[in-house]
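To be precise, the following lines are target-v2.pdb, and they hold PDB, C-alpha atoms and all ligand atoms.
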```
ATOM      1  CA  GLN X 214      77.335 125.068  80.281
ATOM      2  CA  GLU X 215      75.666 122.333  78.264
ATOM      3  CA  GLN X 216      76.707 118.749  79.157
ATOM      4  CA  LYS X 217      77.956 117.933  75.676
ATOM      5  CA  ASN X 218      80.314 120.912  75.547
ATOM      6  CA  LYS X 219      82.037 119.855  78.729
ATOM      7  CA  ILE X 220      85.189 117.777  79.153
ATOM      8  CA  GLN X 221      83.920 114.204  79.140
ATOM      9  CA  VAL X 222      85.587 111.950  81.713
ATOM     10  CA  GLY X 223      84.495 108.299  81.709
ATOM     11  CA  PHE X 224      85.325 106.214  84.756
ATOM     12  CA  SER X 225      85.020 102.448  84.447
ATOM     13  CA  GLN X 226      84.708 101.227  88.038
ATOM     14  CA  ALA X 227      85.217  97.507  88.730
ATOM     15  CA  MET X 228      82.215  97.243  91.071
ATOM     16  CA  THR X 229      80.525  99.308  93.745
ATOM     17  CA  THR X 230      79.436  96.733  96.288
ATOM     18  CA  ASP X 231      82.040  97.651  98.913
ATOM     19  CA  ASP X 232      82.704 100.826 100.895
ATOM     20  CA  TRP X 233      86.198 101.304  99.502
ATOM     21  CA  ARG X 234      84.831 101.670  95.964
ATOM     22  CA  LYS X 235      81.878 103.750  97.155
ATOM     23  CA  GLN X 236      84.339 106.124  98.760
ATOM     24  CA  MET X 237      86.453 106.239  95.610
ATOM     25  CA  ASN X 238      83.402 107.158  93.526
ATOM     26  CA  SER X 239      82.196 109.804  95.925
ATOM     27  CA  SER X 240      85.580 111.540  96.220
ATOM     28  CA  MET X 241      85.873 111.541  92.436
ATOM     29  CA  LYS X 242      82.361 112.995  92.107
ATOM     30  CA  ILE X 243      83.109 115.747  94.614
ATOM     31  CA  GLU X 244      86.268 116.691  92.731
ATOM     32  CA  ALA X 245      84.285 116.753  89.462
ATOM     33  CA  SER X 246      81.514 118.873  90.974
ATOM     34  CA  LEU X 247      84.090 121.542  91.826
ATOM     35  CA  ARG X 248      84.897 121.868  88.140
ATOM     36  CA  PRO X 249      81.896 123.046  86.148
ATOM     37  CA  GLU X 250      83.738 122.342  82.885
ATOM     38  CA  VAL X 251      83.782 118.585  83.638
ATOM     39  CA  ASN X 252      81.123 115.957  83.029
ATOM     40  CA  LEU X 253      81.985 112.724  84.869
ATOM     41  CA  THR X 254      80.268 109.476  83.886
ATOM     42  CA  ILE X 255      80.841 106.454  86.133
ATOM     43  CA  SER X 256      79.966 103.009  84.831
ATOM     44  CA  ASP X 257      79.847 100.052  87.203
ATOM     45  CA  ALA X 258      81.116  96.742  85.798
ATOM     46  CA  ASN X 259      79.515  94.712  88.616
ATOM     47  CA  ASN X 260      82.703  92.675  88.936
ATOM     48  CA  THR X 261      82.038  91.202  85.462
ATOM     49  CA  ILE X 262      84.937  91.396  83.042
ATOM     50  CA  GLN X 263      82.857  91.410  79.862
ATOM     51  CA  LYS X 264      80.718  94.240  81.267
ATOM     52  CA  GLN X 265      83.860  96.254  82.003
ATOM     53  CA  ILE X 266      85.183  95.723  78.477
ATOM     54  CA  ASP X 267      81.790  96.802  77.064
ATOM     55  CA  ASP X 268      81.729  99.880  79.339
ATOM     56  CA  ILE X 269      85.124 100.998  78.055
ATOM     57  CA  GLU X 270      84.147 100.231  74.434
ATOM     58  CA  LYS X 271      81.166 102.510  74.956
ATOM     59  CA  PHE X 272      83.402 105.326  76.260
ATOM     60  CA  ILE X 273      85.574 104.893  73.160
ATOM     61  CA  SER X 274      82.661 104.975  70.700
ATOM     62  CA  ASN X 275      81.186 107.982  72.514
ATOM     63  CA  ARG X 276      84.572 109.678  72.070
ATOM     64  CA  VAL X 277      84.989 110.740  75.698
ATOM     65  CA  ASP X 278      88.034 112.932  76.334
ATOM     66  CA  VAL X 279      89.694 110.834  79.048
ATOM     67  CA  ILE X 280      89.098 107.351  80.446
ATOM     68  CA  ILE X 281      89.828 106.325  84.033
ATOM     69  CA  VAL X 282      89.717 102.595  84.763
ATOM     70  CA  SER X 283      90.112 100.369  87.798
ATOM     71  CA  PRO X 284      90.429  96.978  86.065
ATOM     72  CA  ILE X 285      88.838  93.933  87.742
ATOM     73  CA  GLN X 286      91.722  91.807  86.462
ATOM     74  CA  SER X 287      94.900  92.768  84.626
ATOM     75  CA  LYS X 288      95.122  90.517  81.606
ATOM     76  CA  PRO X 289      91.578  90.567  80.174
ATOM     77  CA  LEU X 290      91.361  94.385  80.329
ATOM     78  CA  THR X 291      94.683  95.046  78.628
ATOM     79  CA  ALA X 292      93.457  94.922  75.010
ATOM     80  CA  VAL X 293      90.581  97.371  75.412
ATOM     81  CA  VAL X 294      92.843  99.898  77.158
ATOM     82  CA  GLU X 295      95.269  99.582  74.239
ATOM     83  CA  LYS X 296      92.364 100.126  71.864
ATOM     84  CA  SER X 297      91.516 103.356  73.614
ATOM     85  CA  ILE X 298      95.100 104.588  73.425
ATOM     86  CA  LYS X 299      95.146 103.743  69.688
ATOM     87  CA  ALA X 300      91.907 105.703  69.279
ATOM     88  CA  GLY X 301      93.679 108.719  70.783
ATOM     89  CA  ILE X 302      91.857 108.674  74.133
ATOM     90  CA  PRO X 303      94.254 108.842  77.109
ATOM     91  CA  VAL X 304      93.735 106.279  79.880
ATOM     92  CA  LEU X 305      94.487 106.644  83.573
ATOM     93  CA  VAL X 306      94.688 103.239  85.275
ATOM     94  CA  VAL X 307      93.910 103.361  89.001
ATOM     95  CA  ASP X 308      94.359 100.900  91.888
ATOM     96  CA  ARG X 309      94.585  97.668  89.860
ATOM     97  CA  LYS X 310      96.933  97.455  86.881
ATOM     98  CA  ILE X 311      96.721  96.102  83.360
ATOM     99  CA  GLU X 312      99.581  94.193  81.708
ATOM    100  CA  GLY X 313     102.375  95.952  79.855
ATOM    101  CA  GLU X 314     102.932  99.690  79.455
ATOM    102  CA  ASN X 315     100.226 100.661  76.992
ATOM    103  CA  TYR X 316      98.337 103.212  79.086
ATOM    104  CA  THR X 317      98.916 106.890  79.765
ATOM    105  CA  ALA X 318      99.493 106.827  83.520
ATOM    106  CA  TYR X 319      98.875 104.816  86.665
ATOM    107  CA  LEU X 320      97.702 106.050  90.082
ATOM    108  CA  GLY X 321      97.645 104.012  93.284
ATOM    109  CA  ALA X 322      99.519 103.084  96.425
ATOM    110  CA  ASP X 323     102.547 100.805  96.100
ATOM    111  CA  ASN X 324     101.097  97.353  96.726
ATOM    112  CA  ILE X 325     104.473  95.611  96.886
ATOM    113  CA  GLU X 326     105.411  98.037  99.635
ATOM    114  CA  ILE X 327     102.098  97.351 101.411
ATOM    115  CA  GLY X 328     103.038  93.661 101.516
ATOM    116  CA  ARG X 329     106.471  94.537 102.865
ATOM    117  CA  ILE X 330     105.011  96.819 105.536
ATOM    118  CA  ALA X 331     102.746  93.992 106.708
ATOM    119  CA  ALA X 332     105.740  91.636 106.922
ATOM    120  CA  ARG X 333     107.847  94.187 108.807
ATOM    121  CA  TYR X 334     105.003  94.769 111.224
ATOM    122  CA  ILE X 335     104.731  91.065 112.016
ATOM    123  CA  ILE X 336     108.486  90.594 112.287
ATOM    124  CA  SER X 337     108.887  93.461 114.724
ATOM    125  CA  HIS X 338     105.814  92.652 116.874
ATOM    126  CA  SER X 339     105.975  88.863 117.021
ATOM    127  CA  LYS X 340     106.385  87.118 120.336
ATOM    128  CA  GLY X 341     105.023  83.711 119.402
ATOM    129  CA  SER X 342     105.260  80.794 116.999
ATOM    130  CA  GLY X 343     106.101  82.855 113.932
ATOM    131  CA  LYS X 344     103.519  80.908 111.936
ATOM    132  CA  ILE X 345     101.569  83.016 109.487
ATOM    133  CA  ILE X 346      98.515  82.466 107.308
ATOM    134  CA  GLU X 347      98.146  84.684 104.251
ATOM    135  CA  ILE X 348      94.695  85.375 102.788
ATOM    136  CA  MET X 349      94.965  86.512  99.193
ATOM    137  CA  GLY X 350      92.828  88.908  97.182
ATOM    138  CA  ALA X 351      91.257  87.714  93.923
ATOM    139  CA  LYS X 352      93.403  85.867  91.391
ATOM    140  CA  GLY X 353      94.431  87.953  88.412
ATOM    141  CA  SER X 354      94.082  91.307  90.196
ATOM    142  CA  SER X 355      97.402  93.080  90.579
ATOM    143  CA  PRO X 356      97.122  94.221  94.244
ATOM    144  CA  ALA X 357      96.714  90.577  95.328
ATOM    145  CA  TYR X 358      99.767  89.535  93.365
ATOM    146  CA  GLU X 359     101.872  92.495  94.485
ATOM    147  CA  ARG X 360     100.868  92.444  98.170
ATOM    148  CA  SER X 361     101.758  88.772  98.261
ATOM    149  CA  MET X 362     105.059  89.305  96.506
ATOM    150  CA  GLY X 363     106.256  92.040  98.881
ATOM    151  CA  PHE X 364     105.026  90.142 101.903
ATOM    152  CA  ASN X 365     106.645  86.813 101.056
ATOM    153  CA  GLN X 366     109.893  88.462 100.011
ATOM    154  CA  LEU X 367     110.519  89.777 103.523
ATOM    155  CA  VAL X 368     109.041  86.869 105.452
ATOM    156  CA  SER X 369     111.194  84.365 103.567
ATOM    157  CA  GLU X 370     114.340  86.336 104.423
ATOM    158  CA  ASN X 371     113.626  85.753 108.098
ATOM    159  CA  LYS X 372     114.212  82.247 109.435
ATOM    160  CA  ARG X 373     111.989  82.575 112.490
ATOM    161  CA  PHE X 374     108.874  83.091 110.361
ATOM    162  CA  SER X 375     107.020  81.021 107.827
ATOM    163  CA  VAL X 376     103.826  81.347 105.824
ATOM    164  CA  THR X 377     102.346  77.973 106.689
ATOM    165  CA  ASN X 378      99.182  78.330 104.596
ATOM    166  CA  VAL X 379      97.940  80.534 101.798
ATOM    167  CA  ILE X 380      94.213  80.912 101.312
ATOM    168  CA  GLN X 381      92.923  82.043  97.937
ATOM    169  CA  GLY X 382      90.221  84.588  98.732
ATOM    170  CA  ASP X 383      88.400  86.877  96.308
ATOM    171  CA  TRP X 384      88.481  90.158  98.297
ATOM    172  CA  GLU X 385      85.086  89.369  99.874
ATOM    173  CA  LYS X 386      84.207  87.974 103.299
ATOM    174  CA  GLU X 387      82.504  84.748 102.234
ATOM    175  CA  SER X 388      85.531  83.376 100.380
ATOM    176  CA  VAL X 389      87.545  83.164 103.617
ATOM    177  CA  LYS X 390      85.339  81.162 105.942
ATOM    178  CA  LYS X 391      85.399  77.527 104.834
ATOM    179  CA  PRO X 392      89.055  77.246 103.817
ATOM    180  CA  LEU X 393      90.286  79.147 106.873
ATOM    181  CA  LYS X 394      88.281  76.987 109.235
ATOM    182  CA  ALA X 395      89.868  73.857 107.760
ATOM    183  CA  VAL X 396      93.355  75.366 108.055
ATOM    184  CA  LEU X 397      92.846  76.538 111.643
ATOM    185  CA  LEU X 398      91.649  73.115 112.747
ATOM    186  CA  GLN X 399      95.004  71.753 111.523
ATOM    187  CA  ASN X 400      97.151  74.674 112.766
ATOM    188  CA  PRO X 401      95.693  76.200 115.925
ATOM    189  CA  ASP X 402      99.102  77.640 116.917
ATOM    190  CA  VAL X 403      99.245  80.190 114.093
ATOM    191  CA  GLU X 404     100.390  83.589 115.382
ATOM    192  CA  TYR X 405      99.393  86.031 112.633
ATOM    193  CA  ILE X 406      96.914  86.187 109.796
ATOM    194  CA  PHE X 407      97.649  88.709 107.046
ATOM    195  CA  ALA X 408      94.540  89.346 104.950
ATOM    196  CA  HIS X 409      94.913  91.369 101.748
ATOM    197  CA  ASN X 410      92.042  93.599 102.826
ATOM    198  CA  ASP X 411      90.158  94.483 106.010
ATOM    199  CA  ARG X 412      86.895  92.811 104.914
ATOM    200  CA  MET X 413      88.647  89.464 104.646
ATOM    201  CA  GLY X 414      90.527  90.248 107.880
ATOM    202  CA  LEU X 415      87.225  90.691 109.698
ATOM    203  CA  SER X 416      85.945  87.482 108.172
ATOM    204  CA  ALA X 417      89.111  85.691 109.357
ATOM    205  CA  TRP X 418      88.559  87.008 112.896
ATOM    206  CA  GLU X 419      84.923  85.861 112.830
ATOM    207  CA  THR X 420      86.009  82.418 111.632
ATOM    208  CA  ALA X 421      88.667  82.163 114.345
ATOM    209  CA  LYS X 422      86.045  83.190 116.879
ATOM    210  CA  THR X 423      83.856  80.204 116.012
ATOM    211  CA  LEU X 424      86.827  78.053 117.105
ATOM    212  CA  GLY X 425      87.632  80.167 120.174
ATOM    213  CA  LEU X 426      90.960  81.243 118.633
ATOM    214  CA  GLU X 427      90.299  84.946 118.018
ATOM    215  CA  LYS X 428      92.278  86.134 121.048
ATOM    216  CA  LYS X 429      95.309  83.934 120.386
ATOM    217  CA  ILE X 430      95.752  84.976 116.770
ATOM    218  CA  LYS X 431      96.617  88.486 115.584
ATOM    219  CA  PHE X 432      95.093  89.902 112.422
ATOM    220  CA  LEU X 433      96.384  92.410 109.887
ATOM    221  CA  GLY X 434      94.413  93.905 107.029
ATOM    222  CA  VAL X 435      94.663  96.518 104.293
ATOM    223  CA  ASP X 436      92.462  99.555 103.379
ATOM    224  CA  GLY X 437      91.993 101.441 106.679
ATOM    225  CA  LEU X 438      88.598 102.937 105.875
ATOM    226  CA  ASN X 439      87.012 105.310 108.360
ATOM    227  CA  THR X 440      83.544 103.733 108.079
ATOM    228  CA  VAL X 441      81.296 101.360 109.996
ATOM    229  CA  ASN X 442      83.223  98.064 110.125
ATOM    230  CA  GLY X 443      86.094  99.817 108.325
ATOM    231  CA  GLY X 444      89.717  99.126 109.232
ATOM    232  CA  ILE X 445      90.043 102.003 111.682
ATOM    233  CA  GLU X 446      87.029 100.859 113.681
ATOM    234  CA  LEU X 447      88.301  97.265 113.593
ATOM    235  CA  VAL X 448      91.663  98.383 114.982
ATOM    236  CA  LYS X 449      89.987 100.450 117.698
ATOM    237  CA  SER X 450      87.768  97.541 118.742
ATOM    238  CA  GLY X 451      90.745  95.162 118.822
ATOM    239  CA  VAL X 452      89.596  92.920 115.972
ATOM    240  CA  LEU X 453      92.587  93.894 113.853
ATOM    241  CA  ASP X 454      96.058  94.428 115.270
ATOM    242  CA  GLY X 455      96.734  96.745 112.393
ATOM    243  CA  THR X 456      95.686  97.814 108.925
ATOM    244  CA  ILE X 457      97.721  99.351 106.146
ATOM    245  CA  LEU X 458      96.088 102.394 104.631
ATOM    246  CA  TYR X 459      95.194 101.984 100.958
ATOM    247  CA  PRO X 460      93.888 105.369  99.805
ATOM    248  CA  THR X 461      91.290 105.279  97.040
ATOM    249  CA  GLY X 462      92.714 108.345  95.288
ATOM    250  CA  GLY X 463      89.344 109.243  93.756
ATOM    251  CA  ASN X 464      89.960 112.996  93.814
ATOM    252  CA  GLU X 465      93.590 112.692  92.676
ATOM    253  CA  ALA X 466      92.428 110.515  89.779
ATOM    254  CA  LEU X 467      90.119 113.216  88.482
ATOM    255  CA  LYS X 468      92.820 115.876  88.836
ATOM    256  CA  LEU X 469      95.293 113.715  86.915
ATOM    257  CA  ALA X 470      92.724 112.954  84.221
ATOM    258  CA  LEU X 471      92.306 116.694  83.640
ATOM    259  CA  LYS X 472      96.050 117.194  83.428
ATOM    260  CA  MET X 473      96.108 114.448  80.821
ATOM    261  CA  TYR X 474      93.311 116.188  78.923
ATOM    262  CA  ASN X 475      95.278 119.438  79.020
ATOM    263  CA  LYS X 476      98.370 117.576  77.774
ATOM    264  CA  GLU X 477     100.401 118.582  80.824
ATOM    265  CA  THR X 478     103.387 116.359  81.504
ATOM    266  CA  ILE X 479     102.680 113.952  84.333
ATOM    267  CA  ALA X 480     104.576 110.991  85.743
ATOM    268  CA  LYS X 481     103.723 107.595  84.274
ATOM    269  CA  THR X 482     103.471 106.126  87.777
ATOM    270  CA  ASN X 483     101.819 108.191  90.508
ATOM    271  CA  ILE X 484     102.147 106.691  93.962
ATOM    272  CA  LEU X 485      99.729 107.440  96.816
ATOM    273  CA  ASN X 486     101.101 107.407 100.364
ATOM    274  CA  THR X 487     100.412 104.677 102.840
ATOM    275  CA  ILE X 488     100.852 104.179 106.579
ATOM    276  CA  VAL X 489     100.318 101.481 109.206
ATOM    277  CA  ILE X 490      97.321 102.133 111.422
ATOM    278  CA  ASP X 491      97.376 100.366 114.771
ATOM    279  CA  LYS X 492      96.253 101.128 118.326
ATOM    280  CA  ASN X 493      98.971 103.805 118.657
ATOM    281  CA  ASN X 494      97.630 106.110 115.961
ATOM    282  CA  ALA X 495      94.098 104.909 115.085
ATOM    283  CA  GLU X 496      92.463 107.669 117.127
ATOM    284  CA  ILE X 497      94.528 110.491 115.601
ATOM    285  CA  ILE X 498      94.007 109.235 112.075
ATOM    286  CA  GLU X 499      90.291 108.802 112.702
ATOM    287  CA  ASN X 500      90.055 112.420 113.886
ATOM    288  CA  GLN X 501      91.880 113.669 110.809
ATOM    289  CA  MET X 502      89.668 111.640 108.494
ATOM    290  CA  ASP X 503      86.536 112.839 110.309
ATOM    291  CA  LYS X 504      87.607 116.417 109.628
ATOM    292  CA  VAL X 505      88.129 115.726 105.937
ATOM    293  CA  ASP X 506      84.719 114.007 105.769
ATOM    294  CA  GLN X 507      83.054 117.001 107.436
ATOM    295  CA  GLN X 508      84.679 119.382 104.984
ATOM    296  CA  GLN X 509      83.513 117.223 102.101
ATOM    297  CA  GLU X 510      79.977 117.332 103.464
ATOM    298  CA  VAL X 511      80.158 121.134 103.612
ATOM    299  CA  ILE X 512      81.391 121.241 100.016
ATOM    300  CA  GLU X 513      78.596 118.934  98.914
ATOM    301  CA  SER X 514      75.862 120.947 100.586
ATOM    302  CA  GLN X 515      77.265 124.203  99.184
ATOM    303  CA  GLN X 516      77.376 122.596  95.773
ATOM    304  CA  GLY X 517      73.743 121.581  96.211
ATOM    305  CA  ALA X 518      72.790 125.158  97.113
ATOM    306  CA  ILE X 519      74.613 126.522  94.064
ATOM    307  CA  ASN X 520      72.842 124.058  91.772
ATOM    308  CA  LEU X 521      69.508 125.103  93.218
ATOM    309  CA  GLN X 522      70.280 128.783  92.686
ATOM    310  CA  GLU X 523      71.359 128.107  89.122
ATOM    311  CA  LYS X 524      68.069 126.352  88.454
ATOM    312  CA  GLU X 525      66.053 129.193  89.980
ATOM    313  CA  TYR X 526      68.059 131.733  88.024
ATOM    314  CA  ALA X 527      67.433 129.829  84.810
ATOM    315  CA  SER X 528      63.698 129.584  85.442
ATOM    316  CA  GLN X 529      63.505 133.287  86.352
ATOM    317  CA  ASN X 530      65.326 134.061  83.138
ATOM    318  CA  ASN X 531      62.769 132.033  81.224
ATOM    319  CA  LEU X 532      60.011 133.954  82.943
ATOM    320  CA  VAL X 533      61.599 137.297  82.039
ATOM    321  CA  ARG X 534      61.912 136.153  78.437
ATOM    322  CA  LEU X 535      58.331 135.003  78.413
ATOM    323  CA  LEU X 536      57.072 138.287  79.898
ATOM    324  CA  SER X 537      58.989 140.323  77.339
ATOM    325  CA  PHE X 538      56.723 138.870  74.682
ATOM    326  CA  PHE X 539      53.783 140.801  76.052
TER     327      PHE X 539
HETATM  328  C1  LIG O   1      87.812  97.073  96.989
HETATM  329  C2  LIG O   1      89.052  96.272  97.176
HETATM  330  C3  LIG O   1      89.835  96.735  98.373
HETATM  331  C4  LIG O   1      91.206  96.361  97.993
HETATM  332  C5  LIG O   1      91.187  96.758  96.548
HETATM  333  C6  LIG O   1      92.226  96.114  95.720
HETATM  334  O1  LIG O   1      86.999  96.575  95.954
HETATM  335  O2  LIG O   1      88.715  94.907  97.292
HETATM  336  O3  LIG O   1      89.382  96.179  99.567
HETATM  337  O4  LIG O   1      92.186  96.989  98.736
HETATM  338  O5  LIG O   1      89.922  96.443  96.077
HETATM  339  O6  LIG O   1      92.081  96.441  94.382
END
```

Have the structure of the file written as structure tokens, please.
Ligand code: FRU
Amino acid sequence: QEQKNKIQVGFSQAMTTDDWRKQMNSSMKIEASLRPEVNLTISDANNTIQKQIDDIEKFISNRVDVIIVSPIQSKPLTAVVEKSIKAGIPVLVVDRKIEGENYTAYLGADNIEIGRIAARYIISHSKGSGKIIEIMGAKGSSPAYERSMGFNQLVSENKRFSVTNVIQGDWEKESVKKPLKAVLLQNPDVEYIFAHNDRMGLSAWETAKTLGLEKKIKFLGVDGLNTVNGGIELVKSGVLDGTILYPTGGNEALKLALKMYNKETIAKTNILNTIVIDKNNAEIIENQMDKVDQQQEVIESQQGAINLQEKEYASQNNLVRLLSFF
């Protein structure tokens, strides 16, 4: 099938510097490769809002059939999503949200619930001072806002606990170090640090270690990737007390996009499941994820073999055609 006759799916990814987004892209690509009628184009906004707006504008002017977007921030991406809807191109918003309701559907885990799960975990495991530091994801991105909201809701209901300091991170490791060091020098008796993702959780642990506090403080993160330095490994090595799984939903996103293309009725809000990963279940979950990864590798290599055969078949066909001239 020629590329231009296929169903065109454009995915505007916020950035691809971290493993979570790499995994999201690769699971979406695998799902697309299983459907020969689909042509998936992924554009990488490099964490630059104007680039992401331009990427989506390009999808609109190229008249793709469906747009998937993981917006860097909510507010500045709202207008271009609305523009796409007005142009008759359905939009699936994944992971981070835009403002308002002007999109076709949303897919992602419940970030308010993730915040609540973190709070419940701390409340039920605490034996110490009850002092908590919260490390936020980037300003303007909905998971940071929602994780914080759910977390603070439950913590504030409980008199024994208080969030003594909030650190404004940006989802990346570097943003944590300086401000956390200053806070820890003032408050060495903090019991828990809740970081909005595992990368910042690791950075918090490293910072605490420079002050000799890493064994006294307990660390929670979010994502739970099964990668080198991913949440599961960090739980197994004792860096994190726990992590809350935040599935990327790459494959589900592509499936939903196709349903949207086929005008099937789907829910406006599609919630991915989550779970706490700690030392009690890290091993089991790791094994399960390893199996899925192995199966994906098999699929990918089979897909590669099929592509190769198709190419050989096409070139043999050309040869046959050529020979029939003589
Ligand atoms: C990846 C990431 C994750 C986090 C998510 C929130 O870029 O920072 O670590 O859970 O984005 O949107």

- request: May I have the residues within 7 Å of X:Ile325 as an MDAnalysis selection string, using all atoms listed in the file and disregarding those fewer than 5 positions away in the same chain?
  value: chainID X and resid 359:360 362:363

message: Evaluated on this file, the PyMOL selection byres (((chain X and resi 285-302) around 9) and not hetatm) picks out some residues - which ones are they, written as a PyMOL selection string?
response: chain X and resi 226-228+258+260-263+265-267+269-270+272-273+276-280+282-284+303-304+306+309-313+315-317+351-355

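With only C-alpha atoms and all ligand atoms counted, the chains near ligand LIG 1 (chain O) contribute these residues within 8 Å: Ala227, Met228, Thr229, Thr230, Asp231, Asp232, Trp233, Arg234, Ser283, Ile285, Asp308, Arg309, Gly350, Ser354, Ser355, Pro356, Ala357, Trp384, Glu385, His409, Asn410, Asp411, Arg412, Val435, Asp436 and Tyr459 of chain X.
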
task: Using the chain letters and numbers from the file, give me the residues hit by the PyMOL selection byres (((chain X and resi 252) around 7) and not hetatm), as a PyMOL selection string.
output: chain X and resi 216+219-222+250-251+253-254

Give me, as a PDB file with C-alpha atoms, in the coordinates of the input, all polymer residues having an atom no more than 8 Å from X:Lys492, counting all atoms listed in the file and skipping those fewer than 4 positions away in the same chain.
```pdb
ATOM      1  CA  VAL X 448      91.663  98.383 114.982  1.00  0.00           C
ATOM      2  CA  LYS X 449      89.987 100.450 117.698  1.00  0.00           C
ATOM      3  CA  ASP X 454      96.058  94.428 115.270  1.00  0.00           C
ATOM      4  CA  GLY X 455      96.734  96.745 112.393  1.00  0.00           C
ATOM      5  CA  GLU X 496      92.463 107.669 117.127  1.00  0.00           C
TER       6      GLU X 496
END
```

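Among X:Leu367, X:Leu398, X:Ile380, X:Ala322, the residue with the shortest atom-to-atom distance to X:Ser337, counting all atoms listed in the file, is X:Leu367.
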
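Going from atom CA of X:Lys390 to atom CA of X:Met413 covers 9.0 Å.
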
- request: Starting from the shown file, work through the PyMOL selection byres (((chain X and resi 332) around 9) and not hetatm) and note down what comes out as number ranges by chain.
  value: X: 327-331, 333-337, 363-368, 407

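From atom CA of X:Glu446 back to atom CA of X:Gly463, the distance works out to 21.7 Å.
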
- request: Tell me, in Å to one decimal, how far atom CA of X:Lys344 is from atom CA of X:Gly444.
  value: 23.0 Å

Axis-aligned box for all listed atoms of stretch 358-376 of chain X, 8 Å per side, centre and edges in Å to one decimal, as lines of an AutoDock Vina configuration file:
```
center_x = 107.1
center_y = 86.8
center_z = 102.9
size_x = 30.6
size_y = 27.5
size_z = 35.1
```

- request: With a distance cut-off of 9 Å and all atoms listed in the file, select the neighbouring residues of stretch 421-427 of chain X, excluding the residue or stretch itself and same-chain residues fewer than 2 positions from it, and output the selection as a count of residues only.
  value: 14

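Each of X:Leu305, X:Met349, X:Ile497, X:Val511 was checked against X:Lys386 using all atoms listed in the file; the smallest atom-to-atom distance is that of X:Met349.
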
Can you list, as a short mmCIF file (atom, residue, chain, number, x, y, z; two decimals) with C-alpha atoms, keeping the file's coordinate frame, every protein, DNA or RNA residue that comes within 6 Å of X:Ala408 when you count all atoms listed in the file, leaving out same-chain residues fewer than 5 positions away?
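Written file, part.cif:
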```cif
data_model
loop_
_atom_site.label_atom_id
_atom_site.label_comp_id
_atom_site.auth_asym_id
_atom_site.auth_seq_id
_atom_site.Cartn_x
_atom_site.Cartn_y
_atom_site.Cartn_z
CA GLU X 347 98.15 84.68 104.25
CA ILE X 348 94.70 85.38 102.79
CA MET X 413 88.65 89.46 104.65
CA GLY X 414 90.53 90.25 107.88
CA GLY X 434 94.41 93.90 107.03
#
```

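You can rank X:Ser239, X:Gln381, X:Gln399, X:Thr487 by their closest distance to X:Ile255 using all atoms listed in the file, and at the top of that list sits X:Ser239.
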
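Each of X:Val533, X:Leu247, X:Met473, X:Val505 was compared to X:Tyr319 using only C-alpha atoms, and X:Met473 turns out to be the nearest.
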
Residue with smallest distance to X:Ser240 - pool X:Thr478, X:Phe539, X:Glu465, X:Met502, counting only C-alpha atoms: X:Glu465

task: Using all atoms listed in the file, pick whichever of X:Asn520, X:Asn439, X:Asn475, X:Asn500 has the shortest atom-to-atom distance to X:Gln236.
output: X:Asn439

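Point (82.1, 95.7, 109.5) has the following residues at most 8 Å away: Arg412, Leu415, Val441, Asn442, Gly443 and Leu447 of chain X (atoms considered: only C-alpha atoms).
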
Export of the given selection (C-alpha atoms) as a PDB file, in the frame of the given file:
```
ATOM      1  CA  ARG X 412      86.895  92.811 104.914  1.00  0.00           C
ATOM      2  CA  LEU X 415      87.225  90.691 109.698  1.00  0.00           C
ATOM      3  CA  VAL X 441      81.296 101.360 109.996  1.00  0.00           C
ATOM      4  CA  ASN X 442      83.223  98.064 110.125  1.00  0.00           C
ATOM      5  CA  GLY X 443      86.094  99.817 108.325  1.00  0.00           C
ATOM      6  CA  LEU X 447      88.301  97.265 113.593  1.00  0.00           C
TER       7      LEU X 447
END
```
